[in-house]
Every structure is written in C-alpha cells, then in structure tokens.
Amino acid sequence: MHHIEVWMGTLSPIWVYVLVGTVIGIESMGVPLPGEITLVTASLLSVTTSVNPWLVAGAASAGAIAGDSVGYLIGRRGGRALLERVGRRFPKHFGPEHLAKAERAFQRWGVWAVFFGRFIALLRILAGPLAGALRVPYAKFLAANALGGIVWSFGTVFAIYSLGQVAEKWLKDFSWVALAAAVVAGAVTTLYLRRKAAAEARALKAESGKEPAATP
C-alpha cells in the first residue's frame with residue numbers, strides 16, 4: 001500500500017479523483033481490482049495534500065453506483081451461466097465456493113445484500129452481476145446500490161480523513177514536546193557536565209597546591 005500511496009501522491013488531484021472513480025467502477029462491474037485500497041489511499045492523501053475529501057468520496061460514490069449498474073446489466077444478460085464460466089476461468093476470485101457464498105448472502109438479506117455487499121470484499125465485486133443474474137428488480141437494486149455506494153464512500157473517506165487529521169495534529173504536538181524535552185535534557189546534561197568539570201578542576205588544583213610529603 002505504501003508504494004500505491006507514493007505513486008498516487010505524484011498525481012494531480014483531478015487524476016486522483018478519476019483514478020478512484022475508475023478503479024471502484026471497474027471493480028463493481030465484477031473485475032477484482034483494489035478499489036478499497038485506492039479509496040483509503042486517496043483518503044490519506046486528502047489529509048496531507050490538496051486532494052479534496054468531498055471530491056474523493058463523490059468520485060467513489062459515482063464509480064460504485066455506475067459500476068454496479070453495469071455489472072447488473074452484464075449479469076442480467078449473461079445469467080448465472082456467465083458467472084459460472086467466469087468462475088471456472090478465475091477460480092481464485094470467482095470459484096464455485098465464492099459464488100455459493102454470495103448467493104447465500106442474497107438468500108439471507110435479499111436486495112440488502114447489495115447494500116451490505118459494498119462493505120464486504122467478495123460481494124463488492126459480485127453483488128451487481130449476481131443481482132442481475134438473479135433477476136432482482138432494477139429499481140430495488142438501484143436504491144440499495146446507491147445507498148450502499150454513498151454510505152461506504154463517504155463513511156470510509158471521512159472516517160480516515162478525521163482520524164488522519166487527529167493523528168497529524170497529535171504528531172505535530174508530539175514533535176514540539178519532543179523538541180522541548182530534548183532542549184531541557186540537553187541543558188540539564190550540559191549543566192551537570194560543567195559542574196562536574198569545575199569540581200574536578202578545583203579538586204585537582206587543591207591537590208597540586210599541597211606540599212609534597214617529606215621523604216624519610
């Protein structure tokens with residue numbers, strides 16, 4: 001993640017927003033991309049650079065809603081057979097156990113699986129295509145999709161942004177405290193060494209001023 005943050009830090013803010021929306025949008029279509037990592041990285045950049053957290057969250061929301069909608073259309077046209085074919089080709093991400101787990105989530109939560117899926121890595125990728133394959137009514141899907149995308153995007157961005165601001169202020173304050181402590185410690189150490197050197201000098205002078213002892 002550090003390498004991603006360094007690379008994204010070289011981009012202008014507009015390209016950060018474009019990247020966030022694009023990666024999250026493609027991930028929501030059913031392609032396993034690091035959408036959450038991209039969003040978290042952009043959120044961290046908004047703490048220390050000119051990247052705007054509101055625009056990051058807006059780009060993420062737009063990407064999530066649009067990508068899920070495209071994924072829904074793909075799933076509706078291709079059906080479950082398409083998901084199974086993709087699963088056989090990419091078993092690591094879409095194997096039978098992944099598909100079965102996603103279907104159980106839909107059976108348990110219904111259309112709310114689309115909302116909750118935004119917060120779960122597997123469902124974030126499969127929610128749109130699977131909802132389309134299962135013929136979930138698009139109006140219900142869109143409502144859950146939009147609500148989930150907005151809550152996930154804005155919640156993630158501003159949770160990280162707020163924590164980042166607190167951490168930055170704490171670290172800034174800590175740096176001043178550390179500097180003050182270092183100055184005090186340096187002054188105390190210098191004073192101690194000076195006093196010790198002066199005492200040793202007095203002792204040496206007193207010792208040298210004594211008369212040498214008489215030899216028998």
# chains A, B, ... in the order shown; residues from 1 in each chain; ligands from 1
$ residues_around --residues "Gly95 in chain A" --least-positions-apart "6" --cutoff "10 Å" --atoms "only C-alpha atoms" --output "list of chain:residue names"
A:Leu83, A:Glu84, A:Arg85, A:Val86, A:Gly87, A:Arg88, A:Arg89
$ closest_residue --among "A:Ala100, A:Pro91, A:Arg135, A:Leu39" --to "Gly78 in chain A" --atoms "only C-alpha atoms"
A:Arg135
$ residues_around --residues "Ile37 in chain A" --least-positions-apart "2" --cutoff "10 Å" --atoms "only C-alpha atoms" --output "compact mmCIF listing (two decimals) with C-alpha atoms, in the first residue's frame"
# COMPACT_ATOMS: atom_id res chain seq x y z
CA MET A 1 0.00 0.00 0.00
CA ILE A 4 0.49 2.93 -4.14
CA GLU A 5 0.37 5.96 -1.84
CA VAL A 20 -10.69 6.47 -7.62
CA VAL A 23 -10.93 1.63 -10.21
CA ILE A 24 -14.00 1.37 -7.98
CA LEU A 33 -9.30 -4.57 -8.60
CA PRO A 34 -8.12 -2.95 -5.32
CA GLY A 35 -10.96 -0.46 -5.05
CA LEU A 39 -10.11 4.76 -1.76
CA VAL A 40 -8.18 4.51 1.51
CA THR A 41 -5.01 5.83 -0.14
CA ALA A 42 -6.85 8.80 -1.65
CA SER A 43 -8.43 9.50 1.74
$ closest_residue --among "A:Ala121, A:Val114, A:Val6, A:Leu82" --to "His98 in chain A" --atoms "only C-alpha atoms"
A:Ala121
$ residues_around --residues "Ser162 in chain A" --least-positions-apart "3" --cutoff "12 Å" --atoms "only C-alpha atoms" --output "PyMOL selection string"
chain A and resi 43-44+46-48+53+154-159+165-169
$ write_last_selection --atoms "C-alpha atoms" --output "PDB file, in the first residue's frame"
ATOM      1  CA  SER A  43      -8.428   9.497   1.744  1.00  0.00           C
ATOM      2  CA  LEU A  44      -4.996   9.577   3.377  1.00  0.00           C
ATOM      3  CA  SER A  46      -6.589  14.301   1.427  1.00  0.00           C
ATOM      4  CA  VAL A  47      -5.119  14.780   4.916  1.00  0.00           C
ATOM      5  CA  THR A  48      -1.677  15.923   3.785  1.00  0.00           C
ATOM      6  CA  PRO A  53     -12.046  14.551   0.550  1.00  0.00           C
ATOM      7  CA  PHE A 154     -18.400   8.971   2.344  1.00  0.00           C
ATOM      8  CA  GLY A 155     -18.143   6.900   5.530  1.00  0.00           C
ATOM      9  CA  THR A 156     -14.746   5.470   4.564  1.00  0.00           C
ATOM     10  CA  VAL A 157     -13.302   8.762   3.334  1.00  0.00           C
ATOM     11  CA  PHE A 158     -14.341  10.908   6.276  1.00  0.00           C
ATOM     12  CA  ALA A 159     -13.542   8.291   8.909  1.00  0.00           C
ATOM     13  CA  GLN A 165      -6.270  14.998  10.993  1.00  0.00           C
ATOM     14  CA  VAL A 166      -6.232  13.961  14.649  1.00  0.00           C
ATOM     15  CA  ALA A 167      -3.100  11.877  14.104  1.00  0.00           C
ATOM     16  CA  GLU A 168      -1.370  14.694  12.225  1.00  0.00           C
ATOM     17  CA  LYS A 169      -2.169  17.197  14.985  1.00  0.00           C
TER      18      LYS A 169
END
$ residues_around --residues "range 122-132 of chain A" --least-positions-apart "5" --cutoff "7 Å" --atoms "only C-alpha atoms" --output "ChimeraX atom specification"
/A:27-32,68-69,71-76,102,114,117
$ write_last_selection --atoms "N, CA and C atoms" --output "short mmCIF file (atom, residue, chain, number, x, y, z; two decimals), in the first residue's frame"
data_model
loop_
_atom_site.label_atom_id
_atom_site.label_comp_id
_atom_site.auth_asym_id
_atom_site.auth_seq_id
_atom_site.Cartn_x
_atom_site.Cartn_y
_atom_site.Cartn_z
N GLU A 27 -14.12 -2.36 -10.55
CA GLU A 27 -14.26 -3.42 -9.54
C GLU A 27 -15.73 -3.79 -9.35
N SER A 28 -16.60 -2.78 -9.33
CA SER A 28 -18.02 -3.03 -9.10
C SER A 28 -18.69 -3.75 -10.27
N MET A 29 -18.06 -3.70 -11.44
CA MET A 29 -18.58 -4.45 -12.59
C MET A 29 -18.33 -5.95 -12.46
N GLY A 30 -17.42 -6.32 -11.54
CA GLY A 30 -17.11 -7.72 -11.36
C GLY A 30 -15.66 -8.07 -11.62
N VAL A 31 -14.81 -7.03 -11.77
CA VAL A 31 -13.39 -7.26 -12.03
C VAL A 31 -12.63 -7.04 -10.72
N PRO A 32 -11.83 -8.02 -10.27
CA PRO A 32 -11.14 -7.89 -8.97
C PRO A 32 -10.00 -6.89 -8.99
N ASP A 68 -21.67 -0.86 -10.43
CA ASP A 68 -22.64 -1.88 -10.02
C ASP A 68 -23.77 -1.99 -11.04
N SER A 69 -24.18 -0.87 -11.59
CA SER A 69 -25.27 -0.89 -12.58
C SER A 69 -24.84 -1.62 -13.85
N GLY A 71 -22.46 -3.89 -13.93
CA GLY A 71 -22.37 -5.29 -13.52
C GLY A 71 -23.73 -5.95 -13.49
N TYR A 72 -24.75 -5.21 -13.05
CA TYR A 72 -26.12 -5.74 -13.03
C TYR A 72 -26.58 -6.10 -14.44
N LEU A 73 -26.32 -5.22 -15.40
CA LEU A 73 -26.72 -5.48 -16.79
C LEU A 73 -25.98 -6.68 -17.36
N ILE A 74 -24.70 -6.82 -17.03
CA ILE A 74 -23.93 -7.97 -17.50
C ILE A 74 -24.50 -9.26 -16.93
N GLY A 75 -24.79 -9.25 -15.65
CA GLY A 75 -25.35 -10.44 -15.02
C GLY A 75 -26.75 -10.76 -15.54
N ARG A 76 -27.53 -9.75 -15.81
CA ARG A 76 -28.90 -9.98 -16.29
C ARG A 76 -28.89 -10.59 -17.69
N ALA A 102 -21.88 -15.89 -2.10
CA ALA A 102 -22.60 -14.67 -2.49
C ALA A 102 -24.09 -14.95 -2.63
N VAL A 114 -26.99 -6.13 -1.61
CA VAL A 114 -26.31 -5.15 -2.45
C VAL A 114 -25.76 -4.02 -1.57
N GLY A 117 -23.15 -5.57 0.71
CA GLY A 117 -22.04 -6.05 -0.12
C GLY A 117 -20.99 -5.01 -0.38
#
